[in-house]
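**Student:** The structure that follows is given in the form of structure tokens.
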Amino acid sequence: MKTICITLLFFLSFTLANAQGIKPYIAILKTQNGKYKGILYKVDSVNAILNHDSEFIKVPINEIKTVQIRTIKKGYKGTSFIKIGEDRAEEYKMNTAGKMVDKWGKEEPGLKEDAAATAYSVVFTTLANAIAMPIHAINPNLARFNFNKIDENKLNELSYYSIYYQANPNVLAELHQLKSISATFKP
């Protein structure tokens, strides 16, 4: 019975681990010859492979000086901050004198007042979006790697951000790493 439970638990955890989505990351590689930017596809002991506009770029590991990892951001969509005139039909009712008034007796604004309020709304919304767009464009680094000398641990850590590793994780190596970490915590 215990073996069946452990087996079911293993397959359930394996299924949940494989059900996680793959998240692409932008990698900016600075080398001796220049700068490369694209989605980090794969990292091995020889090359880092980037996908830039559906074209794969191989960058030799021994030429890489620094790597910056960033998330992919969605485009900024402007927001209307002030809503004018949307609920006017429910807000104003006709009184006994034949004028449209709200529940406090204030008359409905005329064409001039409505145009002025709309103009102020457009100006305010444009200014607010002009300020919000550059703030949204800021994309900080999630990770930064310096490759003064090639280190196997840095390559492994960098590969965690690649699409290939997320699709095909090395579960056995991760298990050994977790065991070595847990061994340091035992008294």
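Chain labels A, B, ... are given in the sequence in which chains occur in the structure tokens; within each chain residues are numbered consecutively from 1, and ligands are likewise numbered from 1 in the order shown.
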Please return as a PyMOL selection string: the residues of segment 1-176 of chain A that backbone DSSP assigns to helix (DSSP H, G or I).
**Tutor:** chain A and resi 2-19+61-63+88-91+111-137+152-159+163-167+171-176
**Student:** Which residues of segment 95-170 of chain A have any atom within 12 Å of an atom in segment 24-30 of chain A when counting only C-alpha atoms, and what is the closest pair of atoms for each, with the distance in Å to one decimal? Order the rows by chain and rising number and write it as JSON lines.
**Tutor:**
{"residue": "A:Asn139", "atom": "CA", "partner": "A:Ile26", "partner_atom": "CA", "distance": 10.4}
{"residue": "A:Pro140", "atom": "CA", "partner": "A:Ile26", "partner_atom": "CA", "distance": 11.2}
{"residue": "A:Asn141", "atom": "CA", "partner": "A:Ala27", "partner_atom": "CA", "distance": 9.5}
{"residue": "A:Leu142", "atom": "CA", "partner": "A:Tyr25", "partner_atom": "CA", "distance": 9.3}
{"residue": "A:Ala143", "atom": "CA", "partner": "A:Ala27", "partner_atom": "CA", "distance": 9.6}
{"residue": "A:Arg144", "atom": "CA", "partner": "A:Ile28", "partner_atom": "CA", "distance": 9.5}
{"residue": "A:Phe145", "atom": "CA", "partner": "A:Leu29", "partner_atom": "CA", "distance": 9.6}
{"residue": "A:Asn146", "atom": "CA", "partner": "A:Lys30", "partner_atom": "CA", "distance": 9.7}
{"residue": "A:Phe147", "atom": "CA", "partner": "A:Lys30", "partner_atom": "CA", "distance": 10.0}
{"residue": "A:Asn148", "atom": "CA", "partner": "A:Lys30", "partner_atom": "CA", "distance": 12.0}
{"residue": "A:Leu158", "atom": "CA", "partner": "A:Ala27", "partner_atom": "CA", "distance": 9.7}
{"residue": "A:Ser159", "atom": "CA", "partner": "A:Tyr25", "partner_atom": "CA", "distance": 10.9}
{"residue": "A:Tyr160", "atom": "CA", "partner": "A:Tyr25", "partner_atom": "CA", "distance": 10.2}
{"residue": "A:Tyr161", "atom": "CA", "partner": "A:Tyr25", "partner_atom": "CA", "distance": 6.4}
{"residue": "A:Ser162", "atom": "CA", "partner": "A:Pro24", "partner_atom": "CA", "distance": 7.1}
{"residue": "A:Ile163", "atom": "CA", "partner": "A:Pro24", "partner_atom": "CA", "distance": 6.1}
{"residue": "A:Tyr164", "atom": "CA", "partner": "A:Pro24", "partner_atom": "CA", "distance": 9.9}
{"residue": "A:Tyr165", "atom": "CA", "partner": "A:Pro24", "partner_atom": "CA", "distance": 10.9}
{"residue": "A:Gln166", "atom": "CA", "partner": "A:Pro24", "partner_atom": "CA", "distance": 9.1}
{"residue": "A:Ala167", "atom": "CA", "partner": "A:Pro24", "partner_atom": "CA", "distance": 10.9}
**Student:** Measure the distance from atom CA of Glu113 of chain A to atom CA of Asn129 of chain A in Å and round it to one decimal.
**Tutor:**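 Between atom CA of Glu113 of chain A and atom CA of Asn129 of chain A the gap works out to 24.1 Å.
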**Student:** Could you work out how far atom CA of Ile150 of chain A lies from atom CA of Lys37 of chain A, giving the answer in Å with one decimal?
**Tutor:** 20.3 Å
**Student:** A:Thr184, A:Ile138, A:Tyr120, A:Ile57: which is nearest Thr71 of chain A, counting only C-alpha atoms?
**Tutor:**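 Comparing A:Thr184, A:Ile138, A:Tyr120, A:Ile57 against Thr71 of chain A, the winner is A:Ile138.
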**Student:** Out of chain A, which residues get strand (DSSP E) from DSSP, as a CSV table (one decimal) with all heavy atoms, in the first residue's frame?
**Tutor:**
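Saved as out-v9.csv:
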chain,number,residue,atom,x,y,z
A,25,TYR,N,12.3,34.3,-21.7
A,25,TYR,CA,13.1,35.4,-21.1
A,25,TYR,C,13.9,36.1,-22.1
A,25,TYR,O,14.5,35.4,-23.0
A,25,TYR,CB,14.0,35.0,-19.9
A,25,TYR,CG,13.2,34.5,-18.7
A,25,TYR,CD1,12.9,33.2,-18.5
A,25,TYR,CD2,12.7,35.4,-17.8
A,25,TYR,CE1,12.2,32.8,-17.4
A,25,TYR,CE2,12.0,35.0,-16.7
A,25,TYR,CZ,11.7,33.7,-16.5
A,25,TYR,OH,11.0,33.3,-15.4
A,26,ILE,N,14.1,37.4,-22.1
A,26,ILE,CA,15.0,38.1,-23.0
A,26,ILE,C,16.4,38.1,-22.4
A,26,ILE,O,16.5,38.3,-21.2
A,26,ILE,CB,14.5,39.6,-23.1
A,26,ILE,CG1,13.1,39.6,-23.8
A,26,ILE,CG2,15.5,40.4,-23.9
A,26,ILE,CD1,12.6,41.0,-23.8
A,27,ALA,N,17.3,37.7,-23.2
A,27,ALA,CA,18.7,37.7,-22.8
A,27,ALA,C,19.5,38.8,-23.6
A,27,ALA,O,19.3,38.9,-24.8
A,27,ALA,CB,19.4,36.4,-23.0
A,28,ILE,N,20.3,39.6,-22.9
A,28,ILE,CA,21.1,40.6,-23.5
A,28,ILE,C,22.6,40.1,-23.3
A,28,ILE,O,23.0,40.1,-22.1
A,28,ILE,CB,20.9,42.0,-23.0
A,28,ILE,CG1,19.4,42.4,-23.3
A,28,ILE,CG2,21.8,43.0,-23.7
A,28,ILE,CD1,19.0,43.6,-22.6
A,29,LEU,N,23.2,39.6,-24.3
A,29,LEU,CA,24.6,39.1,-24.2
A,29,LEU,C,25.6,40.2,-24.7
A,29,LEU,O,25.5,40.6,-25.8
A,29,LEU,CB,24.8,37.8,-25.0
A,29,LEU,CG,23.8,36.7,-24.7
A,29,LEU,CD1,24.0,35.6,-25.7
A,29,LEU,CD2,23.9,36.2,-23.3
A,30,LYS,N,26.5,40.6,-23.8
A,30,LYS,CA,27.6,41.4,-24.2
A,30,LYS,C,28.8,40.6,-24.4
A,30,LYS,O,29.2,39.9,-23.5
A,30,LYS,CB,27.8,42.6,-23.2
A,30,LYS,CG,26.7,43.5,-23.1
A,30,LYS,CD,26.9,44.6,-22.2
A,30,LYS,CE,25.7,45.6,-22.1
A,30,LYS,NZ,25.9,46.6,-21.1
A,31,THR,N,29.4,40.7,-25.6
A,31,THR,CA,30.6,39.9,-25.9
A,31,THR,C,31.7,40.8,-26.3
A,31,THR,O,31.6,42.0,-26.3
A,31,THR,CB,30.3,38.9,-27.1
A,31,THR,OG1,30.1,39.7,-28.3
A,31,THR,CG2,29.1,38.0,-26.8
A,35,LYS,N,27.0,43.2,-29.1
A,35,LYS,CA,25.9,42.9,-28.2
A,35,LYS,C,24.8,42.1,-28.9
A,35,LYS,O,24.5,42.5,-30.1
A,35,LYS,CB,25.4,44.3,-27.7
A,35,LYS,CG,24.4,44.3,-26.7
A,35,LYS,CD,24.0,45.7,-26.3
A,35,LYS,CE,23.0,45.9,-25.3
A,35,LYS,NZ,22.7,47.2,-24.9
A,36,TYR,N,24.3,41.1,-28.3
A,36,TYR,CA,23.2,40.3,-28.9
A,36,TYR,C,22.0,40.3,-28.0
A,36,TYR,O,22.2,40.2,-26.8
A,36,TYR,CB,23.7,38.8,-29.1
A,36,TYR,CG,24.9,38.7,-30.0
A,36,TYR,CD1,26.2,38.6,-29.4
A,36,TYR,CD2,24.8,38.7,-31.4
A,36,TYR,CE1,27.3,38.5,-30.3
A,36,TYR,CE2,25.9,38.5,-32.2
A,36,TYR,CZ,27.1,38.5,-31.6
A,36,TYR,OH,28.2,38.3,-32.4
A,37,LYS,N,20.8,40.4,-28.6
A,37,LYS,CA,19.6,40.4,-27.8
A,37,LYS,C,18.6,39.5,-28.4
A,37,LYS,O,18.4,39.5,-29.6
A,37,LYS,CB,19.1,41.9,-27.7
A,37,LYS,CG,17.8,42.0,-26.9
A,37,LYS,CD,17.4,43.5,-26.8
A,37,LYS,CE,16.2,43.7,-25.9
A,37,LYS,NZ,15.8,45.1,-25.8
A,38,GLY,N,17.9,38.7,-27.6
A,38,GLY,CA,16.9,37.8,-28.1
A,38,GLY,C,16.4,37.0,-27.0
A,38,GLY,O,16.8,37.1,-25.8
A,39,ILE,N,15.5,36.1,-27.3
A,39,ILE,CA,14.9,35.2,-26.3
A,39,ILE,C,15.9,34.0,-26.1
A,39,ILE,O,16.4,33.4,-27.1
A,39,ILE,CB,13.5,34.6,-26.8
A,39,ILE,CG1,12.5,35.8,-26.9
A,39,ILE,CG2,13.0,33.5,-25.9
A,39,ILE,CD1,11.2,35.4,-27.5
A,40,LEU,N,16.2,33.8,-24.8
A,40,LEU,CA,17.2,32.7,-24.5
A,40,LEU,C,16.5,31.4,-24.8
A,40,LEU,O,15.6,31.0,-24.1
A,40,LEU,CB,17.6,32.8,-23.0
A,40,LEU,CG,18.7,31.9,-22.6
A,40,LEU,CD1,20.0,32.1,-23.4
A,40,LEU,CD2,19.0,32.1,-21.1
A,41,TYR,N,17.1,30.7,-25.8
A,41,TYR,CA,16.5,29.4,-26.2
A,41,TYR,C,17.2,28.2,-25.5
A,41,TYR,O,16.6,27.3,-24.9
A,41,TYR,CB,16.6,29.2,-27.7
A,41,TYR,CG,16.0,27.9,-28.1
A,41,TYR,CD1,14.7,27.7,-28.1
A,41,TYR,CD2,16.9,26.8,-28.5
A,41,TYR,CE1,14.1,26.4,-28.5
A,41,TYR,CE2,16.3,25.6,-28.9
A,41,TYR,CZ,15.0,25.4,-28.9
A,41,TYR,OH,14.5,24.2,-29.2
A,42,LYS,N,18.6,28.2,-25.5
A,42,LYS,CA,19.3,27.1,-25.0
A,42,LYS,C,20.7,27.5,-24.6
A,42,LYS,O,21.3,28.4,-25.2
A,42,LYS,CB,19.4,25.9,-26.0
A,42,LYS,CG,20.0,24.7,-25.5
A,42,LYS,CD,20.0,23.6,-26.5
A,42,LYS,CE,20.7,22.3,-26.0
A,42,LYS,NZ,20.7,21.3,-27.0
A,43,VAL,N,21.2,26.9,-23.5
A,43,VAL,CA,22.6,27.1,-23.0
A,43,VAL,C,23.2,25.8,-22.8
A,43,VAL,O,22.7,24.9,-22.2
A,43,VAL,CB,22.6,27.9,-21.7
A,43,VAL,CG1,24.0,28.1,-21.2
A,43,VAL,CG2,21.9,29.2,-21.8
A,47,ASN,N,27.8,26.9,-26.5
A,47,ASN,CA,27.1,28.1,-27.0
A,47,ASN,C,25.9,28.5,-26.2
A,47,ASN,O,25.3,27.6,-25.5
A,47,ASN,CB,26.6,27.7,-28.4
A,47,ASN,CG,27.7,27.5,-29.4
A,47,ASN,OD1,28.6,28.3,-29.5
A,47,ASN,ND2,27.5,26.5,-30.3
A,48,ALA,N,25.6,29.7,-26.3
A,48,ALA,CA,24.3,30.2,-25.8
A,48,ALA,C,23.5,30.5,-27.1
A,48,ALA,O,24.0,31.2,-28.0
A,48,ALA,CB,24.4,31.4,-25.0
A,49,ILE,N,22.3,30.0,-27.2
A,49,ILE,CA,21.5,30.1,-28.4
A,49,ILE,C,20.3,31.1,-28.1
A,49,ILE,O,19.5,30.8,-27.2
A,49,ILE,CB,21.0,28.8,-28.9
A,49,ILE,CG1,22.2,27.9,-29.2
A,49,ILE,CG2,20.2,29.0,-30.2
A,49,ILE,CD1,21.8,26.4,-29.5
A,50,LEU,N,20.3,32.1,-28.9
A,50,LEU,CA,19.2,33.1,-28.8
A,50,LEU,C,18.3,33.0,-30.0
A,50,LEU,O,18.7,32.7,-31.1
A,50,LEU,CB,19.8,34.5,-28.8
A,50,LEU,CG,20.7,34.9,-27.6
A,50,LEU,CD1,21.3,36.3,-27.8
A,50,LEU,CD2,20.0,34.7,-26.3
A,51,ASN,N,17.0,33.3,-29.8
A,51,ASN,CA,16.0,33.4,-30.8
A,51,ASN,C,15.7,34.9,-31.0
A,51,ASN,O,15.1,35.5,-30.2
A,51,ASN,CB,14.8,32.6,-30.5
A,51,ASN,CG,13.7,32.6,-31.6
A,51,ASN,OD1,13.9,33.3,-32.6
A,51,ASN,ND2,12.7,31.8,-31.4
A,52,HIS,N,16.2,35.4,-32.2
A,52,HIS,CA,15.9,36.8,-32.5
A,52,HIS,C,15.2,36.9,-33.8
A,52,HIS,O,15.7,36.6,-34.8
A,52,HIS,CB,17.3,37.6,-32.5
A,52,HIS,CG,17.1,39.0,-32.8
A,52,HIS,ND1,16.6,39.9,-31.9
A,52,HIS,CD2,17.3,39.8,-34.0
A,52,HIS,CE1,16.6,41.1,-32.4
A,52,HIS,NE2,17.0,41.1,-33.7
A,55,GLU,N,15.0,33.8,-35.8
A,55,GLU,CA,16.3,33.4,-36.3
A,55,GLU,C,17.2,33.0,-35.1
A,55,GLU,O,17.3,33.8,-34.2
A,55,GLU,CB,17.0,34.5,-37.1
A,55,GLU,CG,18.3,34.2,-37.7
A,55,GLU,CD,18.9,35.4,-38.5
A,55,GLU,OE1,18.1,36.1,-39.2
A,55,GLU,OE2,20.1,35.6,-38.4
A,56,PHE,N,17.8,31.8,-35.2
A,56,PHE,CA,18.7,31.4,-34.1
A,56,PHE,C,20.1,31.9,-34.2
A,56,PHE,O,20.7,31.9,-35.3
A,56,PHE,CB,18.7,29.9,-34.0
A,56,PHE,CG,17.4,29.3,-33.5
A,56,PHE,CD1,16.5,28.6,-34.4
A,56,PHE,CD2,17.0,29.4,-32.2
A,56,PHE,CE1,15.3,28.1,-34.0
A,56,PHE,CE2,15.8,28.9,-31.8
A,56,PHE,CZ,15.0,28.2,-32.6
A,57,ILE,N,20.6,32.5,-33.1
A,57,ILE,CA,21.9,33.1,-33.1
A,57,ILE,C,22.7,32.3,-32.1
A,57,ILE,O,22.3,32.2,-30.9
A,57,ILE,CB,21.9,34.6,-32.7
A,57,ILE,CG1,21.0,35.4,-33.6
A,57,ILE,CG2,23.3,35.1,-32.6
A,57,ILE,CD1,20.8,36.8,-33.2
A,58,LYS,N,23.9,31.7,-32.5
A,58,LYS,CA,24.8,31.0,-31.6
A,58,LYS,C,25.9,31.9,-31.1
A,58,LYS,O,26.6,32.5,-32.0
A,58,LYS,CB,25.4,29.8,-32.3
A,58,LYS,CG,24.4,28.6,-32.5
A,58,LYS,CD,25.2,27.4,-33.0
A,58,LYS,CE,24.2,26.3,-33.2
A,58,LYS,NZ,24.9,25.1,-33.7
A,59,VAL,N,26.0,32.1,-29.8
A,59,VAL,CA,27.0,32.9,-29.3
A,59,VAL,C,27.9,32.0,-28.4
A,59,VAL,O,27.5,31.4,-27.5
A,59,VAL,CB,26.4,34.0,-28.4
A,59,VAL,CG1,27.5,34.9,-27.8
A,59,VAL,CG2,25.4,34.9,-29.2
A,60,PRO,N,29.2,31.9,-28.8
A,60,PRO,CA,30.2,31.1,-28.0
A,60,PRO,C,30.3,31.6,-26.6
A,60,PRO,O,30.4,32.8,-26.3
A,60,PRO,CB,31.5,31.2,-28.8
A,60,PRO,CG,31.1,31.7,-30.1
A,60,PRO,CD,29.9,32.5,-30.0
A,64,ILE,N,31.5,35.5,-24.2
A,64,ILE,CA,30.5,36.3,-23.4
A,64,ILE,C,31.2,36.9,-22.2
A,64,ILE,O,31.9,36.3,-21.5
A,64,ILE,CB,29.3,35.4,-23.0
A,64,ILE,CG1,28.6,34.8,-24.2
A,64,ILE,CG2,28.4,36.2,-22.1
A,64,ILE,CD1,27.5,33.8,-23.8
A,65,LYS,N,30.9,38.2,-22.1
A,65,LYS,CA,31.4,39.0,-20.9
A,65,LYS,C,30.3,39.1,-19.8
A,65,LYS,O,30.5,38.7,-18.7
A,65,LYS,CB,31.8,40.4,-21.3
A,65,LYS,CG,33.1,40.5,-22.1
A,65,LYS,CD,33.4,41.9,-22.4
A,65,LYS,CE,34.7,42.0,-23.2
A,65,LYS,NZ,35.0,43.4,-23.5
A,66,THR,N,29.1,39.5,-20.2
A,66,THR,CA,28.0,39.6,-19.3
A,66,THR,C,26.7,39.2,-20.0
A,66,THR,O,26.5,39.3,-21.2
A,66,THR,CB,27.8,41.1,-18.8
A,66,THR,OG1,27.5,41.9,-19.9
A,66,THR,CG2,29.0,41.6,-18.0
A,67,VAL,N,25.8,38.7,-19.1
A,67,VAL,CA,24.4,38.4,-19.6
A,67,VAL,C,23.4,39.0,-18.6
A,67,VAL,O,23.6,39.0,-17.4
A,67,VAL,CB,24.2,36.8,-19.5
A,67,VAL,CG1,22.8,36.5,-20.0
A,67,VAL,CG2,25.2,36.1,-20.4
A,68,GLN,N,22.4,39.7,-19.2
A,68,GLN,CA,21.3,40.3,-18.5
A,68,GLN,C,20.0,39.5,-18.9
A,68,GLN,O,19.8,39.3,-20.1
A,68,GLN,CB,21.2,41.8,-18.8
A,68,GLN,CG,22.3,42.6,-18.4
A,68,GLN,CD,22.2,44.0,-18.9
A,68,GLN,OE1,21.2,44.4,-19.4
A,68,GLN,NE2,23.2,44.8,-18.6
A,69,ILE,N,19.3,39.1,-17.9
A,69,ILE,CA,18.0,38.4,-18.1
A,69,ILE,C,16.9,39.3,-17.8
A,69,ILE,O,16.8,39.9,-16.7
A,69,ILE,CB,17.9,37.1,-17.3
A,69,ILE,CG1,19.1,36.2,-17.6
A,69,ILE,CG2,16.6,36.4,-17.5
A,69,ILE,CD1,19.1,35.6,-19.0
A,70,ARG,N,15.9,39.5,-18.7
A,70,ARG,CA,14.7,40.3,-18.5
A,70,ARG,C,13.5,39.6,-18.9
A,70,ARG,O,13.5,38.7,-19.7
A,70,ARG,CB,14.8,41.6,-19.3
A,70,ARG,CG,16.0,42.5,-18.8
A,70,ARG,CD,16.0,43.7,-19.6
A,70,ARG,NE,17.1,44.6,-19.1
A,70,ARG,CZ,17.6,45.6,-19.8
A,70,ARG,NH1,17.1,46.0,-20.9
A,70,ARG,NH2,18.6,46.3,-19.3
A,71,THR,N,12.3,40.0,-18.3
A,71,THR,CA,11.1,39.4,-18.7
A,71,THR,C,10.5,40.1,-20.0
A,71,THR,O,10.9,41.2,-20.3
A,71,THR,CB,10.0,39.6,-17.6
A,71,THR,OG1,9.8,41.0,-17.3
A,71,THR,CG2,10.4,38.8,-16.3
A,93,LYS,N,-33.2,63.5,-15.0
A,93,LYS,CA,-34.6,63.2,-15.3
A,93,LYS,C,-35.3,64.6,-15.6
A,93,LYS,O,-34.9,65.6,-15.2
A,93,LYS,CB,-35.3,62.6,-14.0
A,93,LYS,CG,-34.6,61.4,-13.5
A,93,LYS,CD,-35.3,60.2,-13.8
A,93,LYS,CE,-34.7,59.1,-13.0
A,93,LYS,NZ,-34.1,58.0,-13.7
A,94,MET,N,-36.4,64.5,-16.3
A,94,MET,CA,-37.2,65.7,-16.7
A,94,MET,C,-38.0,66.1,-15.5
A,94,MET,O,-38.8,65.3,-14.9
A,94,MET,CB,-38.0,65.4,-17.9
A,94,MET,CG,-38.6,66.7,-18.5
A,94,MET,SD,-39.4,66.5,-20.1
A,94,MET,CE,-38.0,66.2,-21.1
A,100,MET,N,-34.1,69.1,-18.0
A,100,MET,CA,-33.4,67.9,-17.4
A,100,MET,C,-32.6,68.3,-16.2
A,100,MET,O,-31.8,69.2,-16.3
A,100,MET,CB,-32.5,67.3,-18.5
A,100,MET,CG,-33.2,66.8,-19.7
A,100,MET,SD,-34.3,65.4,-19.4
A,100,MET,CE,-33.1,64.1,-19.2
A,101,VAL,N,-32.9,67.7,-15.1
A,101,VAL,CA,-32.2,68.0,-13.8
A,101,VAL,C,-31.8,66.7,-13.1
A,101,VAL,O,-32.4,65.6,-13.3
A,101,VAL,CB,-33.1,68.8,-12.8
A,101,VAL,CG1,-33.4,70.2,-13.4
A,101,VAL,CG2,-34.4,68.1,-12.5
A,143,ALA,N,18.1,38.9,-13.6
A,143,ALA,CA,19.4,38.3,-13.2
A,143,ALA,C,20.5,38.9,-14.1
A,143,ALA,O,20.3,39.4,-15.2
A,143,ALA,CB,19.4,36.8,-13.4
A,144,ARG,N,21.7,38.9,-13.5
A,144,ARG,CA,22.9,39.4,-14.2
A,144,ARG,C,24.0,38.4,-14.0
A,144,ARG,O,24.3,38.1,-12.8
A,144,ARG,CB,23.2,40.8,-13.8
A,144,ARG,CG,24.4,41.4,-14.5
A,144,ARG,CD,24.6,42.8,-14.1
A,144,ARG,NE,25.8,43.4,-14.7
A,144,ARG,CZ,25.8,44.0,-15.8
A,144,ARG,NH1,24.7,44.3,-16.4
A,144,ARG,NH2,27.0,44.5,-16.3
A,145,PHE,N,24.7,38.0,-15.0
A,145,PHE,CA,25.8,37.1,-14.9
A,145,PHE,C,27.1,37.7,-15.5
A,145,PHE,O,27.0,38.2,-16.6
A,145,PHE,CB,25.5,35.8,-15.6
A,145,PHE,CG,24.3,35.1,-15.1
A,145,PHE,CD1,23.1,35.3,-15.7
A,145,PHE,CD2,24.4,34.2,-14.1
A,145,PHE,CE1,21.9,34.6,-15.3
A,145,PHE,CE2,23.2,33.5,-13.6
A,145,PHE,CZ,22.0,33.8,-14.2
A,146,ASN,N,28.2,37.6,-14.8
A,146,ASN,CA,29.5,38.1,-15.3
A,146,ASN,C,30.3,36.9,-15.6
A,146,ASN,O,30.5,36.0,-14.7
A,146,ASN,CB,30.2,39.0,-14.3
A,146,ASN,CG,29.5,40.3,-14.1
A,146,ASN,OD1,29.0,40.9,-15.1
A,146,ASN,ND2,29.4,40.8,-12.9
**Student:** Please report the interatomic distance between atom CA of Glu174 of chain A and atom CA of Glu157 of chain A in Å with one decimal.
**Tutor:**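 Between atom CA of Glu174 of chain A and atom CA of Glu157 of chain A the gap is 11.4 Å.
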